[in-house]
file my_file.cif (mmCIF, N, CA and C atoms)
data_query
loop_
_atom_site.group_PDB
_atom_site.id
_atom_site.type_symbol
_atom_site.label_atom_id
_atom_site.label_comp_id
_atom_site.auth_asym_id
_atom_site.auth_seq_id
_atom_site.Cartn_x
_atom_site.Cartn_y
_atom_site.Cartn_z
ATOM 1 N N MET A 1 -3.236 15.529 -7.739
ATOM 2 C CA MET A 1 -3.491 14.977 -6.424
ATOM 3 C C MET A 1 -4.330 13.724 -6.611
ATOM 4 N N SER A 2 -4.121 12.751 -5.763
ATOM 5 C CA SER A 2 -4.816 11.473 -5.885
ATOM 6 C C SER A 2 -6.203 11.538 -5.274
ATOM 7 N N ASP A 3 -6.955 10.467 -5.531
ATOM 8 C CA ASP A 3 -8.273 10.334 -4.915
ATOM 9 C C ASP A 3 -8.096 10.195 -3.413
ATOM 10 N N PRO A 4 -9.013 10.730 -2.630
ATOM 11 C CA PRO A 4 -8.890 10.591 -1.185
ATOM 12 C C PRO A 4 -9.135 9.139 -0.754
ATOM 13 N N ILE A 5 -8.519 8.766 0.332
ATOM 14 C CA ILE A 5 -8.752 7.456 0.922
ATOM 15 C C ILE A 5 -10.098 7.519 1.622
ATOM 16 N N SER A 6 -10.912 6.503 1.415
ATOM 17 C CA SER A 6 -12.233 6.498 2.044
ATOM 18 C C SER A 6 -12.091 6.301 3.549
ATOM 19 N N PRO A 7 -13.109 6.691 4.321
ATOM 20 C CA PRO A 7 -13.043 6.578 5.772
ATOM 21 C C PRO A 7 -12.723 5.160 6.251
ATOM 22 N N ALA A 8 -13.288 4.181 5.623
ATOM 23 C CA ALA A 8 -12.962 2.791 5.932
ATOM 24 C C ALA A 8 -12.704 2.103 4.605
ATOM 25 N N ASN A 9 -11.865 1.092 4.643
ATOM 26 C CA ASN A 9 -11.536 0.400 3.406
ATOM 27 C C ASN A 9 -12.802 -0.113 2.743
ATOM 28 N N GLN A 10 -12.912 0.160 1.469
ATOM 29 C CA GLN A 10 -14.036 -0.322 0.677
ATOM 30 C C GLN A 10 -13.542 -1.469 -0.193
ATOM 31 N N PRO A 11 -14.413 -2.427 -0.510
ATOM 32 C CA PRO A 11 -14.000 -3.487 -1.439
ATOM 33 C C PRO A 11 -13.641 -2.872 -2.791
ATOM 34 N N LEU A 12 -12.715 -3.509 -3.487
ATOM 35 C CA LEU A 12 -12.358 -3.032 -4.810
ATOM 36 C C LEU A 12 -13.554 -3.182 -5.745
ATOM 37 N N THR A 13 -13.706 -2.212 -6.634
ATOM 38 C CA THR A 13 -14.777 -2.283 -7.628
ATOM 39 C C THR A 13 -14.411 -3.326 -8.683
ATOM 40 N N ALA A 14 -15.367 -3.674 -9.526
ATOM 41 C CA ALA A 14 -15.115 -4.632 -10.603
ATOM 42 C C ALA A 14 -14.000 -4.122 -11.522
ATOM 43 N N ALA A 15 -14.008 -2.829 -11.822
ATOM 44 C CA ALA A 15 -12.969 -2.246 -12.680
ATOM 45 C C ALA A 15 -11.597 -2.316 -12.004
ATOM 46 N N GLU A 16 -11.549 -2.036 -10.707
ATOM 47 C CA GLU A 16 -10.282 -2.114 -9.968
ATOM 48 C C GLU A 16 -9.777 -3.554 -9.920
ATOM 49 N N LEU A 17 -10.683 -4.495 -9.691
ATOM 50 C CA LEU A 17 -10.292 -5.913 -9.675
ATOM 51 C C LEU A 17 -9.755 -6.343 -11.034
ATOM 52 N N ALA A 18 -10.409 -5.916 -12.118
ATOM 53 C CA ALA A 18 -9.963 -6.267 -13.467
ATOM 54 C C ALA A 18 -8.585 -5.673 -13.760
ATOM 55 N N ALA A 19 -8.387 -4.418 -13.376
ATOM 56 C CA ALA A 19 -7.093 -3.772 -13.593
ATOM 57 C C ALA A 19 -5.999 -4.469 -12.790
ATOM 58 N N PHE A 20 -6.323 -4.842 -11.568
ATOM 59 C CA PHE A 20 -5.346 -5.503 -10.715
ATOM 60 C C PHE A 20 -5.010 -6.891 -11.262
ATOM 61 N N ALA A 21 -6.011 -7.610 -11.767
ATOM 62 C CA ALA A 21 -5.802 -8.955 -12.314
ATOM 63 C C ALA A 21 -4.916 -8.926 -13.558
ATOM 64 N N ALA A 22 -4.911 -7.811 -14.273
ATOM 65 C CA ALA A 22 -4.123 -7.688 -15.495
ATOM 66 C C ALA A 22 -2.647 -7.373 -15.227
ATOM 67 N N LEU A 23 -2.294 -7.106 -13.983
ATOM 68 C CA LEU A 23 -0.916 -6.760 -13.658
ATOM 69 C C LEU A 23 -0.010 -7.984 -13.761
ATOM 70 N N THR A 24 1.194 -7.759 -14.257
ATOM 71 C CA THR A 24 2.192 -8.821 -14.343
ATOM 72 C C THR A 24 2.992 -8.877 -13.046
ATOM 73 N N ALA A 25 3.809 -9.905 -12.913
ATOM 74 C CA ALA A 25 4.689 -10.006 -11.746
ATOM 75 C C ALA A 25 5.622 -8.798 -11.682
ATOM 76 N N GLU A 26 6.084 -8.341 -12.834
ATOM 77 C CA GLU A 26 6.941 -7.150 -12.874
ATOM 78 C C GLU A 26 6.178 -5.919 -12.401
ATOM 79 N N ASP A 27 4.914 -5.779 -12.830
ATOM 80 C CA ASP A 27 4.089 -4.657 -12.382
ATOM 81 C C ASP A 27 3.924 -4.686 -10.865
ATOM 82 N N LEU A 28 3.655 -5.862 -10.320
ATOM 83 C CA LEU A 28 3.479 -5.984 -8.866
ATOM 84 C C LEU A 28 4.752 -5.599 -8.127
ATOM 85 N N GLN A 29 5.914 -5.959 -8.687
ATOM 86 C CA GLN A 29 7.176 -5.584 -8.063
ATOM 87 C C GLN A 29 7.359 -4.071 -8.077
ATOM 88 N N VAL A 30 6.970 -3.424 -9.173
ATOM 89 C CA VAL A 30 7.044 -1.959 -9.267
ATOM 90 C C VAL A 30 6.141 -1.328 -8.206
ATOM 91 N N ILE A 31 4.935 -1.865 -8.050
ATOM 92 C CA ILE A 31 3.994 -1.356 -7.049
ATOM 93 C C ILE A 31 4.557 -1.552 -5.645
ATOM 94 N N ASP A 32 5.061 -2.758 -5.378
ATOM 95 C CA ASP A 32 5.655 -3.025 -4.063
ATOM 96 C C ASP A 32 6.802 -2.061 -3.786
ATOM 97 N N ASN A 33 7.656 -1.850 -4.774
ATOM 98 C CA ASN A 33 8.792 -0.940 -4.592
ATOM 99 C C ASN A 33 8.331 0.491 -4.318
ATOM 100 N N ALA A 34 7.261 0.923 -4.984
ATOM 101 C CA ALA A 34 6.734 2.278 -4.749
ATOM 102 C C ALA A 34 6.204 2.397 -3.323
ATOM 103 N N ILE A 35 5.518 1.373 -2.863
ATOM 104 C CA ILE A 35 5.009 1.385 -1.483
ATOM 105 C C ILE A 35 6.172 1.397 -0.505
ATOM 106 N N LEU A 36 7.129 0.495 -0.708
ATOM 107 C CA LEU A 36 8.265 0.399 0.210
ATOM 108 C C LEU A 36 9.118 1.662 0.209
ATOM 109 N N ALA A 37 9.160 2.363 -0.920
ATOM 110 C CA ALA A 37 9.939 3.603 -1.002
ATOM 111 C C ALA A 37 9.379 4.682 -0.089
ATOM 112 N N HIS A 38 8.115 4.557 0.285
ATOM 113 C CA HIS A 38 7.478 5.553 1.153
ATOM 114 C C HIS A 38 7.335 5.059 2.583
ATOM 115 N N CYS A 39 8.051 3.990 2.910
ATOM 116 C CA CYS A 39 8.062 3.450 4.277
ATOM 117 C C CYS A 39 9.471 3.556 4.840
ATOM 118 N N SER A 40 9.551 3.666 6.135
ATOM 119 C CA SER A 40 10.843 3.684 6.803
ATOM 120 C C SER A 40 10.750 2.798 8.043
ATOM 121 N N ARG A 41 11.746 2.846 8.874
ATOM 122 C CA ARG A 41 11.714 2.058 10.121
ATOM 123 C C ARG A 41 10.904 2.764 11.204
ATOM 124 N N ARG A 42 10.461 3.996 10.909
ATOM 125 C CA ARG A 42 9.576 4.724 11.822
ATOM 126 C C ARG A 42 8.142 4.511 11.367
ATOM 127 N N TRP A 43 7.212 4.549 12.296
ATOM 128 C CA TRP A 43 5.807 4.351 11.970
ATOM 129 C C TRP A 43 5.309 5.486 11.087
ATOM 130 N N CYS A 44 4.624 5.145 10.004
ATOM 131 C CA CYS A 44 4.033 6.103 9.068
ATOM 132 C C CYS A 44 2.559 5.761 8.899
ATOM 133 N N GLN A 45 1.710 6.767 8.796
ATOM 134 C CA GLN A 45 0.292 6.526 8.592
ATOM 135 C C GLN A 45 0.090 5.846 7.234
ATOM 136 N N ILE A 46 -0.648 4.743 7.236
ATOM 137 C CA ILE A 46 -0.829 3.962 6.012
ATOM 138 C C ILE A 46 -1.511 4.782 4.929
ATOM 139 N N ALA A 47 -2.508 5.556 5.275
ATOM 140 C CA ALA A 47 -3.198 6.352 4.263
ATOM 141 C C ALA A 47 -2.226 7.266 3.526
ATOM 142 N N GLU A 48 -1.257 7.822 4.225
ATOM 143 C CA GLU A 48 -0.268 8.704 3.600
ATOM 144 C C GLU A 48 0.677 7.908 2.702
ATOM 145 N N VAL A 49 1.108 6.737 3.149
ATOM 146 C CA VAL A 49 1.972 5.880 2.323
ATOM 147 C C VAL A 49 1.241 5.503 1.042
ATOM 148 N N VAL A 50 -0.020 5.114 1.166
ATOM 149 C CA VAL A 50 -0.818 4.718 0.002
ATOM 150 C C VAL A 50 -0.987 5.902 -0.955
ATOM 151 N N ARG A 51 -1.293 7.069 -0.426
ATOM 152 C CA ARG A 51 -1.470 8.246 -1.280
ATOM 153 C C ARG A 51 -0.198 8.561 -2.048
ATOM 154 N N ARG A 52 0.919 8.557 -1.365
ATOM 155 C CA ARG A 52 2.193 8.874 -2.022
ATOM 156 C C ARG A 52 2.571 7.821 -3.054
ATOM 157 N N ALA A 53 2.372 6.556 -2.722
ATOM 158 C CA ALA A 53 2.691 5.485 -3.670
ATOM 159 C C ALA A 53 1.792 5.577 -4.900
ATOM 160 N N ALA A 54 0.490 5.798 -4.699
ATOM 161 C CA ALA A 54 -0.439 5.916 -5.830
ATOM 162 C C ALA A 54 -0.055 7.095 -6.727
ATOM 163 N N ASP A 55 0.324 8.217 -6.121
ATOM 164 C CA ASP A 55 0.754 9.378 -6.903
ATOM 165 C C ASP A 55 2.013 9.049 -7.716
ATOM 166 N N ALA A 56 2.959 8.342 -7.097
ATOM 167 C CA ALA A 56 4.197 7.979 -7.791
ATOM 168 C C ALA A 56 3.939 6.988 -8.923
ATOM 169 N N LEU A 57 2.955 6.131 -8.762
ATOM 170 C CA LEU A 57 2.652 5.104 -9.762
ATOM 171 C C LEU A 57 1.773 5.607 -10.906
ATOM 172 N N ARG A 58 1.105 6.723 -10.711
ATOM 173 C CA ARG A 58 0.127 7.203 -11.689
ATOM 174 C C ARG A 58 0.680 7.307 -13.112
ATOM 175 N N PRO A 59 1.913 7.805 -13.345
ATOM 176 C CA PRO A 59 2.399 7.883 -14.732
ATOM 177 C C PRO A 59 2.502 6.512 -15.421
ATOM 178 N N ARG A 60 2.922 5.514 -14.687
ATOM 179 C CA ARG A 60 3.088 4.176 -15.272
ATOM 180 C C ARG A 60 1.801 3.354 -15.218
ATOM 181 N N HIS A 61 1.008 3.539 -14.161
ATOM 182 C CA HIS A 61 -0.212 2.752 -13.952
ATOM 183 C C HIS A 61 -1.385 3.677 -13.617
ATOM 184 N N PRO A 62 -1.885 4.429 -14.595
ATOM 185 C CA PRO A 62 -2.991 5.351 -14.305
ATOM 186 C C PRO A 62 -4.275 4.639 -13.879
ATOM 187 N N GLU A 63 -4.388 3.374 -14.208
ATOM 188 C CA GLU A 63 -5.582 2.603 -13.844
ATOM 189 C C GLU A 63 -5.565 2.139 -12.389
ATOM 190 N N LEU A 64 -4.429 2.282 -11.730
ATOM 191 C CA LEU A 64 -4.278 1.784 -10.365
ATOM 192 C C LEU A 64 -4.832 2.797 -9.370
ATOM 193 N N SER A 65 -5.821 2.407 -8.615
ATOM 194 C CA SER A 65 -6.451 3.298 -7.634
ATOM 195 C C SER A 65 -5.713 3.236 -6.300
ATOM 196 N N PRO A 66 -5.903 4.243 -5.458
ATOM 197 C CA PRO A 66 -5.356 4.163 -4.108
ATOM 198 C C PRO A 66 -5.856 2.912 -3.363
ATOM 199 N N ALA A 67 -7.097 2.523 -3.604
ATOM 200 C CA ALA A 67 -7.626 1.317 -2.946
ATOM 201 C C ALA A 67 -6.847 0.081 -3.367
ATOM 202 N N SER A 68 -6.433 0.024 -4.621
ATOM 203 C CA SER A 68 -5.626 -1.106 -5.087
ATOM 204 C C SER A 68 -4.251 -1.098 -4.427
ATOM 205 N N CYS A 69 -3.675 0.100 -4.293
ATOM 206 C CA CYS A 69 -2.383 0.215 -3.586
ATOM 207 C C CYS A 69 -2.535 -0.230 -2.132
ATOM 208 N N ALA A 70 -3.651 0.133 -1.525
ATOM 209 C CA ALA A 70 -3.896 -0.260 -0.138
ATOM 210 C C ALA A 70 -3.975 -1.770 -0.016
ATOM 211 N N GLU A 71 -4.642 -2.414 -0.952
ATOM 212 C CA GLU A 71 -4.727 -3.881 -0.929
ATOM 213 C C GLU A 71 -3.346 -4.504 -1.023
ATOM 214 N N ARG A 72 -2.503 -3.936 -1.879
ATOM 215 C CA ARG A 72 -1.151 -4.483 -2.016
ATOM 216 C C ARG A 72 -0.334 -4.217 -0.755
ATOM 217 N N LEU A 73 -0.497 -3.069 -0.135
ATOM 218 C CA LEU A 73 0.193 -2.771 1.114
ATOM 219 C C LEU A 73 -0.227 -3.770 2.190
ATOM 220 N N ILE A 74 -1.509 -4.072 2.279
ATOM 221 C CA ILE A 74 -1.988 -5.046 3.262
ATOM 222 C C ILE A 74 -1.359 -6.408 2.986
ATOM 223 N N TRP A 75 -1.209 -6.760 1.713
ATOM 224 C CA TRP A 75 -0.553 -8.017 1.361
ATOM 225 C C TRP A 75 0.898 -8.004 1.860
ATOM 226 N N LEU A 76 1.599 -6.860 1.706
ATOM 227 C CA LEU A 76 2.974 -6.761 2.195
ATOM 228 C C LEU A 76 3.033 -6.963 3.711
ATOM 229 N N VAL A 77 2.031 -6.473 4.425
ATOM 230 C CA VAL A 77 1.958 -6.693 5.876
ATOM 231 C C VAL A 77 1.729 -8.173 6.161
ATOM 232 N N GLU A 78 0.778 -8.772 5.463
ATOM 233 C CA GLU A 78 0.458 -10.187 5.684
ATOM 234 C C GLU A 78 1.645 -11.090 5.379
ATOM 235 N N GLU A 79 2.489 -10.698 4.430
ATOM 236 C CA GLU A 79 3.672 -11.480 4.072
ATOM 237 C C GLU A 79 4.849 -11.224 5.020
ATOM 238 N N GLY A 80 4.693 -10.279 5.950
ATOM 239 C CA GLY A 80 5.762 -9.977 6.903
ATOM 240 C C GLY A 80 6.828 -9.046 6.355
ATOM 241 N N ILE A 81 6.571 -8.450 5.205
ATOM 242 C CA ILE A 81 7.524 -7.525 4.601
ATOM 243 C C ILE A 81 7.453 -6.171 5.291
ATOM 244 N N LEU A 82 6.277 -5.827 5.807
ATOM 245 C CA LEU A 82 6.065 -4.612 6.586
ATOM 246 C C LEU A 82 5.412 -4.969 7.910
ATOM 247 N N ASP A 83 5.705 -4.190 8.935
ATOM 248 C CA ASP A 83 5.019 -4.296 10.226
ATOM 249 C C ASP A 83 3.864 -3.303 10.229
ATOM 250 N N SER A 84 2.827 -3.612 10.982
ATOM 251 C CA SER A 84 1.716 -2.670 11.092
ATOM 252 C C SER A 84 1.241 -2.603 12.529
ATOM 253 N N GLN A 85 0.561 -1.515 12.827
ATOM 254 C CA GLN A 85 -0.133 -1.374 14.106
ATOM 255 C C GLN A 85 -1.417 -0.610 13.828
ATOM 256 N N GLY A 86 -2.425 -0.925 14.594
ATOM 257 C CA GLY A 86 -3.725 -0.308 14.369
ATOM 258 C C GLY A 86 -4.623 -1.247 13.596
ATOM 259 N N ASN A 87 -5.702 -0.693 13.088
ATOM 260 C CA ASN A 87 -6.739 -1.458 12.421
ATOM 261 C C ASN A 87 -6.574 -1.350 10.908
ATOM 262 N N LEU A 88 -6.149 -2.427 10.268
ATOM 263 C CA LEU A 88 -5.967 -2.401 8.822
ATOM 264 C C LEU A 88 -7.283 -2.293 8.065
ATOM 265 N N ASP A 89 -8.405 -2.426 8.769
ATOM 266 C CA ASP A 89 -9.703 -2.233 8.133
ATOM 267 C C ASP A 89 -10.038 -0.755 7.984
ATOM 268 N N ASP A 90 -9.260 0.114 8.598
ATOM 269 C CA ASP A 90 -9.435 1.558 8.445
ATOM 270 C C ASP A 90 -8.045 2.183 8.380
ATOM 271 N N LEU A 91 -7.570 2.398 7.170
ATOM 272 C CA LEU A 91 -6.188 2.812 6.954
ATOM 273 C C LEU A 91 -5.839 4.168 7.537
ATOM 274 N N ARG A 92 -6.852 4.984 7.811
ATOM 275 C CA ARG A 92 -6.560 6.297 8.405
ATOM 276 C C ARG A 92 -6.082 6.156 9.843
ATOM 277 N N PHE A 93 -6.399 5.043 10.474
ATOM 278 C CA PHE A 93 -6.075 4.851 11.884
ATOM 279 C C PHE A 93 -5.128 3.686 12.088
ATOM 280 N N SER A 94 -4.218 3.493 11.143
ATOM 281 C CA SER A 94 -3.214 2.443 11.272
ATOM 282 C C SER A 94 -1.900 2.940 10.690
ATOM 283 N N GLU A 95 -0.840 2.283 11.090
ATOM 284 C CA GLU A 95 0.490 2.703 10.675
ATOM 285 C C GLU A 95 1.282 1.489 10.202
ATOM 286 N N VAL A 96 2.334 1.790 9.458
ATOM 287 C CA VAL A 96 3.176 0.753 8.896
ATOM 288 C C VAL A 96 4.627 1.194 8.979
ATOM 289 N N ARG A 97 5.507 0.228 9.013
ATOM 290 C CA ARG A 97 6.949 0.515 8.974
ATOM 291 C C ARG A 97 7.681 -0.708 8.429
ATOM 292 N N ARG A 98 8.914 -0.467 8.012
ATOM 293 C CA ARG A 98 9.786 -1.592 7.659
ATOM 294 C C ARG A 98 10.188 -2.271 8.970
ATOM 295 N N PRO A 99 10.322 -3.588 8.948
ATOM 296 C CA PRO A 99 10.678 -4.268 10.201
ATOM 297 C C PRO A 99 12.032 -3.800 10.730
ATOM 298 N N LEU A 100 12.129 -3.773 12.044
ATOM 299 C CA LEU A 100 13.390 -3.422 12.679
ATOM 300 C C LEU A 100 14.336 -4.620 12.595
ATOM 301 N N PRO A 101 15.645 -4.364 12.519
ATOM 302 C CA PRO A 101 16.574 -5.488 12.510
ATOM 303 C C PRO A 101 16.528 -6.217 13.848
ATOM 304 N N PRO A 102 16.857 -7.494 13.851
ATOM 305 C CA PRO A 102 16.837 -8.243 15.112
ATOM 306 C C PRO A 102 17.810 -7.624 16.118
ATOM 307 N N ALA A 103 17.420 -7.661 17.386
ATOM 308 C CA ALA A 103 18.289 -7.138 18.444
ATOM 309 C C ALA A 103 19.488 -8.041 18.609
ATOM 310 N N LYS A 104 20.638 -7.426 18.839
ATOM 311 C CA LYS A 104 21.872 -8.190 19.031
ATOM 312 C C LYS A 104 21.972 -8.647 20.471
ATOM 313 N N GLY A 105 22.331 -9.921 20.628
ATOM 314 C CA GLY A 105 22.532 -10.626 21.840
ATOM 315 C C GLY A 105 22.380 -10.048 23.114
#

call {"tool": "encode", "arguments": {"input": "my_file.cif", "output": "C-alpha cells"}}
result
Amino acid sequence: MSDPISPANQPLTAAELAAFAALTAEDLQVIDNAILAHCSRRWCQIAEVVRRAADALRPRHPELSPASCAERLIWLVEEGILDSQGNLDDLRFSEVRRPLPPAKG
C-alpha cells in the first residue's frame, strides 16, 4: 500500500525534488500514462488517482512518491490534458477527468 496523501498538498522534499529532476522524458511519459490510465471521462477523486498511479509505478520507480505523482497530475491539468474541479491545493477535495469530446453542432 502506498503512503497516504497528506491533508493538504505539501511541497516536495529535497529528496523528492532530486528524484524528480533525474527523470528522463521517457520516465515522465510513463508517469503520465500511469496517471491517465486511472482517469476516465467521469470525475474521479484526485487523491485516489494519485494513489493508484503511485502504486502502479512503484516497481519501475520506487523513488517516486505520491506527492511527486500529484505534482505531475497538476501539470497535466495545467497543460489541459485533464480537466479538474475543486481545489488543487487539497487533492482530497478535488476531482479530475479526461476532457469530454466537443459537442456536435

call {"tool": "closest_residue", "arguments": {"input": "my_file.cif", "among": "A:Leu28, A:Pro66, A:Ile74, A:Leu91", "to": "Ala47 of chain A", "atoms": "all atoms listed in the file"}}
result
A:Leu91

call {"tool": "residues_around", "arguments": {"input": "my_file.cif", "residues": "Cys69 of chain A", "least_positions_apart": "3", "cutoff": "8 Å", "atoms": "all atoms listed in the file", "output": "count of residues only"}}
result
14

call {"tool": "closest_residue", "arguments": {"input": "my_file.cif", "among": "A:Arg58, A:Cys39, A:Lys104, A:Ala70", "to": "Leu82 of chain A", "atoms": "only C-alpha atoms"}}
result
A:Cys39

call {"tool": "atom_distance", "arguments": {"input": "my_file.cif", "atom1": "atom N of Pro99 of chain A", "atom2": "atom N of Gly80 of chain A"}}
result
9.2 Å

call {"tool": "atom_distance", "arguments": {"input": "my_file.cif", "atom1": "atom CA of Val77 of chain A", "atom2": "atom CA of Glu26 of chain A"}}
result
19.4 Å

call {"tool": "resolve_selection", "arguments": {"input": "my_file.cif", "expression": "the PyMOL selection byres ((chain A and resi 94) around 8)", "output": "number ranges by chain"}}
result
A: 43-47, 84-93, 95-96

call {"tool": "closest_residue", "arguments": {"input": "my_file.cif", "among": "A:Ala56, A:Ala37, A:Ala67, A:Val30", "to": "Glu16 of chain A", "atoms": "only N, CA and C atoms"}}
result
A:Ala67

call {"tool": "select_by_dssp", "arguments": {"input": "my_file.cif", "residues": "segment 14-103 of chain A", "states": "helix (DSSP H, G or I)", "output": "PyMOL selection string"}}
result
chain A and resi 14-21+25-37+46-57+66-78+91-93

call {"tool": "select_by_dssp", "arguments": {"input": "my_file.cif", "residues": "chain A", "states": "strand (DSSP E)", "output": "JSON, numbers by chain"}}
result
{"A": [44, 45, 83, 84, 85, 86, 94, 95, 96, 97]}

call {"tool": "closest_residue", "arguments": {"input": "my_file.cif", "among": "A:Ala19, A:Ala103, A:Leu12, A:Ala34", "to": "Glu63 of chain A", "atoms": "only N, CA and C atoms"}}
result
A:Ala19

call {"tool": "atom_distance", "arguments": {"input": "my_file.cif", "atom1": "atom CA of Leu76 of chain A", "atom2": "atom CA of His38 of chain A"}}
result
13.2 Å

call {"tool": "closest_residue", "arguments": {"input": "my_file.cif", "among": "A:Thr13, A:Leu100, A:Arg52, A:Ala22", "to": "Asp83 of chain A", "atoms": "all atoms listed in the file"}}
result
A:Leu100

call {"tool": "axis_aligned_box", "arguments": {"input": "my_file.cif", "around": "segment 75-89 of chain A", "padding_each_side": "8 Å", "output": "JSON"}}
result
{"center_x": -1.3, "center_y": -5.9, "center_z": 8.0, "size_x": 33.6, "size_y": 27.2, "size_z": 29.2}
